[in-house]
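J.: Here it is, the structure, as structure tokens.
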Amino acid sequence: MALPKLTYFDAPVSRGEECRLALHIAGVEFEDVRILQSDWSKLKPQTPFGSLPTFEVPGQPLLAQSNAILVLIGRRHGLHPKDDFEAARHEAMMAHVEDLRSVVGPTIRIKDEAEKKAARDALVATFLPTWAANAEKHIGDGPFFGGPTLHVVDLKLHMAVRWFTGGKVDHIPATIFSGFPKLMRVHDAVRDDARVQSWYAKR
Ligand SMILES: N[C@@H](CCC(=O)N[C@@H](CS)C(=O)NCC(=O)O)C(=O)O
């Protein structure tokens, strides 16, 4: 029988990795398709919105948009709240992560190093702390966003924080979010989850 297929770039990062983690935690066997940058221009027009990740469920049209993919997986496998208002609260935080990516992401494409530094210095001064303070306001007693149980929103928050804690984003300190204990606690709780660790043990 055909397996569901998750397609993303060949890197353990961002929108693709959070969907892979969700599928792994859900116990879904899936085809983990990793494409090379050099093959992307050929594939791009065949995707619903010209972007990755995409998720293909046998018998259904190709799905895109990381939040839609995560919510689908979450709803089907107990990783998204059943209560509709709590679900909407989780989806609002997932949109907040997409807002972060849509602001920081374009700085990756700045070629001029001085211009890139200026853009990122500005993010460090204002946007990133404001983003984190707004996220922090909506996180409860933890360890996860909605309490004691991991949901897809936690994977998304984890990937967003992990982007910076590795210290590999030039001009943005790895400690950028360390003054936000609730956000860091979500990051750490996902990192330490046995199912997440088992995903990385295979790699
Ligand atoms: N809102 C979309 C954004 C998708 C997106 O921009 N994906 C990036 C990779 S993380 C991409 O496909 N970049 C290549 C391109 O836009 O050509 C989502 O959440 O899936």
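Residue numbering restarts at 1 for every chain of the structure tokens, chains are lettered A, B, ... in their displayed order, and ligands are numbered from 1 as they appear.
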List as JSON lines every residue of chain A that is in contact with ligand 1, defined as an atom at most 6 Å from one of its atoms (using only C-alpha atoms and all ligand atoms), together with the nearest atom pair and the distance in Å rounded to one decimal, sorted by chain and then rising number.

T.:
{"residue": "A:Ser14", "atom": "CA", "partner": "ligand 1", "partner_atom_place_in_ligand_line": "10 (S)", "distance": 5.8}
{"residue": "A:Arg15", "atom": "CA", "partner": "ligand 1", "partner_atom_place_in_ligand_line": "10 (S)", "distance": 5.2}
{"residue": "A:Ser51", "atom": "CA", "partner": "ligand 1", "partner_atom_place_in_ligand_line": "12 (O)", "distance": 3.3}
{"residue": "A:Leu52", "atom": "CA", "partner": "ligand 1", "partner_atom_place_in_ligand_line": "12 (O)", "distance": 3.9}
{"residue": "A:Pro53", "atom": "CA", "partner": "ligand 1", "partner_atom_place_in_ligand_line": "20 (O)", "distance": 5.6}
{"residue": "A:Gln65", "atom": "CA", "partner": "ligand 1", "partner_atom_place_in_ligand_line": "20 (O)", "distance": 3.4}
{"residue": "A:Ser66", "atom": "CA", "partner": "ligand 1", "partner_atom_place_in_ligand_line": "20 (O)", "distance": 3.9}
{"residue": "A:Asn67", "atom": "CA", "partner": "ligand 1", "partner_atom_place_in_ligand_line": "19 (O)", "distance": 5.8}

J.: For the selection just defined, write its residues with N, CA, C and O atoms to a file, as a JSON list (two decimals), in the first residue's frame.

T.:
[["chain", "number", "residue", "atom", "x", "y", "z"],
["A", 14, "SER", "N", 13.41, 23.60, 10.04],
["A", 14, "SER", "CA", 12.27, 24.42, 9.67],
["A", 14, "SER", "C", 10.96, 23.65, 9.42],
["A", 14, "SER", "O", 10.63, 22.70, 10.11],
["A", 15, "ARG", "N", 10.24, 24.12, 8.39],
["A", 15, "ARG", "CA", 8.87, 23.63, 8.19],
["A", 15, "ARG", "C", 8.82, 22.15, 7.83],
["A", 15, "ARG", "O", 7.85, 21.47, 8.15],
["A", 51, "SER", "N", 6.00, 26.06, -3.04],
["A", 51, "SER", "CA", 6.85, 25.97, -1.85],
["A", 51, "SER", "C", 6.77, 24.57, -1.25],
["A", 51, "SER", "O", 5.87, 23.79, -1.54],
["A", 52, "LEU", "N", 7.74, 24.30, -0.37],
["A", 52, "LEU", "CA", 7.76, 23.06, 0.40],
["A", 52, "LEU", "C", 7.62, 23.41, 1.89],
["A", 52, "LEU", "O", 7.97, 24.52, 2.28],
["A", 53, "PRO", "N", 7.13, 22.50, 2.72],
["A", 53, "PRO", "CA", 6.84, 21.11, 2.45],
["A", 53, "PRO", "C", 5.50, 20.89, 1.72],
["A", 53, "PRO", "O", 4.62, 21.72, 1.75],
["A", 65, "GLN", "N", 1.51, 23.98, 2.74],
["A", 65, "GLN", "CA", 1.42, 24.89, 3.88],
["A", 65, "GLN", "C", 1.64, 24.09, 5.17],
["A", 65, "GLN", "O", 0.82, 23.27, 5.59],
["A", 66, "SER", "N", 2.78, 24.38, 5.80],
["A", 66, "SER", "CA", 3.20, 23.58, 6.96],
["A", 66, "SER", "C", 2.14, 23.54, 8.05],
["A", 66, "SER", "O", 1.92, 22.50, 8.68],
["A", 67, "ASN", "N", 1.46, 24.67, 8.29],
["A", 67, "ASN", "CA", 0.48, 24.65, 9.39],
["A", 67, "ASN", "C", -0.71, 23.75, 9.06],
["A", 67, "ASN", "O", -1.23, 23.05, 9.95]]

J.: Hey, what does DSSP flag as strand (DSSP E or B) within stretch 7-127 of chain A? Can you give it to me as a list in words?

T.: Thr7, Tyr8, Phe9, Glu31, Asp32, Val33, Arg34, Ile35, Thr54, Phe55, Glu56, Leu63 and Ala64 of chain A

J.: For A:Leu150, which residue out of A:Ala201, A:Ile110, A:Val196, A:Met94 is the nearest one, using only C-alpha atoms?

T.: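 Using only C-alpha atoms, the shortest distance to A:Leu150 belongs to A:Val196.
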
J.: Could you tell me, as a ChimeraX atom specification, which residues of chain A DSSP assigns to helix (DSSP H, G or I) when given the backbone?

T.: /A:14-26,37-46,66-76,84-108,113-137,152-165,181-192,194-201

J.: What's the separation between atom CA of A:His138 and atom CA of A:Val169, in Å to one decimal place?

T.: 25.8 Å

J.: At a cut-off of 9 Å, using only C-alpha atoms, what residues contact stretch 80-92 of chain A? Leave out same-chain residues fewer than 4 positions from it and give the result as a list in words.

T.: Asn67, Leu70, Val71, Leu72, Ile73, Gly74, Arg75, Arg76, His96, Val97, His138, Phe145, Gly146, Leu150, His151, Val152, Val153 and Asp154 of chain A

J.: Atom CA of A:Asp99 and atom CA of A:Ala119, how far apart in Å?

T.: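 Between atom CA of A:Ala119 and atom CA of A:Asp99 the gap is 16.4 Å.
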
J.: For A:Gly105, which of A:Trp163, A:Thr126, A:Asn134, A:Pro48 is the closest residue, counting only C-alpha atoms?

T.: A:Trp163

J.: Go through A:Val124, A:Met1, A:Ile25, A:Val13 and flag the residue nearest A:Gln197, using only C-alpha atoms for the distances.

T.: A:Ile25

J.: Provide the atom CA of A:Arg120 to atom CA of A:Gly179 distance in Å, to one decimal place.

T.: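 Between atom CA of A:Arg120 and atom CA of A:Gly179 the gap works out to 18.6 Å.
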
J.: When you count only C-alpha atoms, which of these residues is closest to A:Arg20: A:Val103, A:Leu123, A:Ala95, A:Val33?

T.: A:Val33

J.: Show which residues sit within 12 Å of A:Ala118, as a PyMOL selection string. Count only C-alpha atoms, and ignore same-chain residues fewer than 6 positions away.

T.: chain A and resi 107+110+112+124-125+170-172

J.: For A:Phe164, which residue among A:Ala133, A:Val104, A:Ala122, A:Ala68 is the nearest when counting only C-alpha atoms?

T.: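 Comparing A:Ala133, A:Val104, A:Ala122, A:Ala68 against A:Phe164, the winner is A:Val104.
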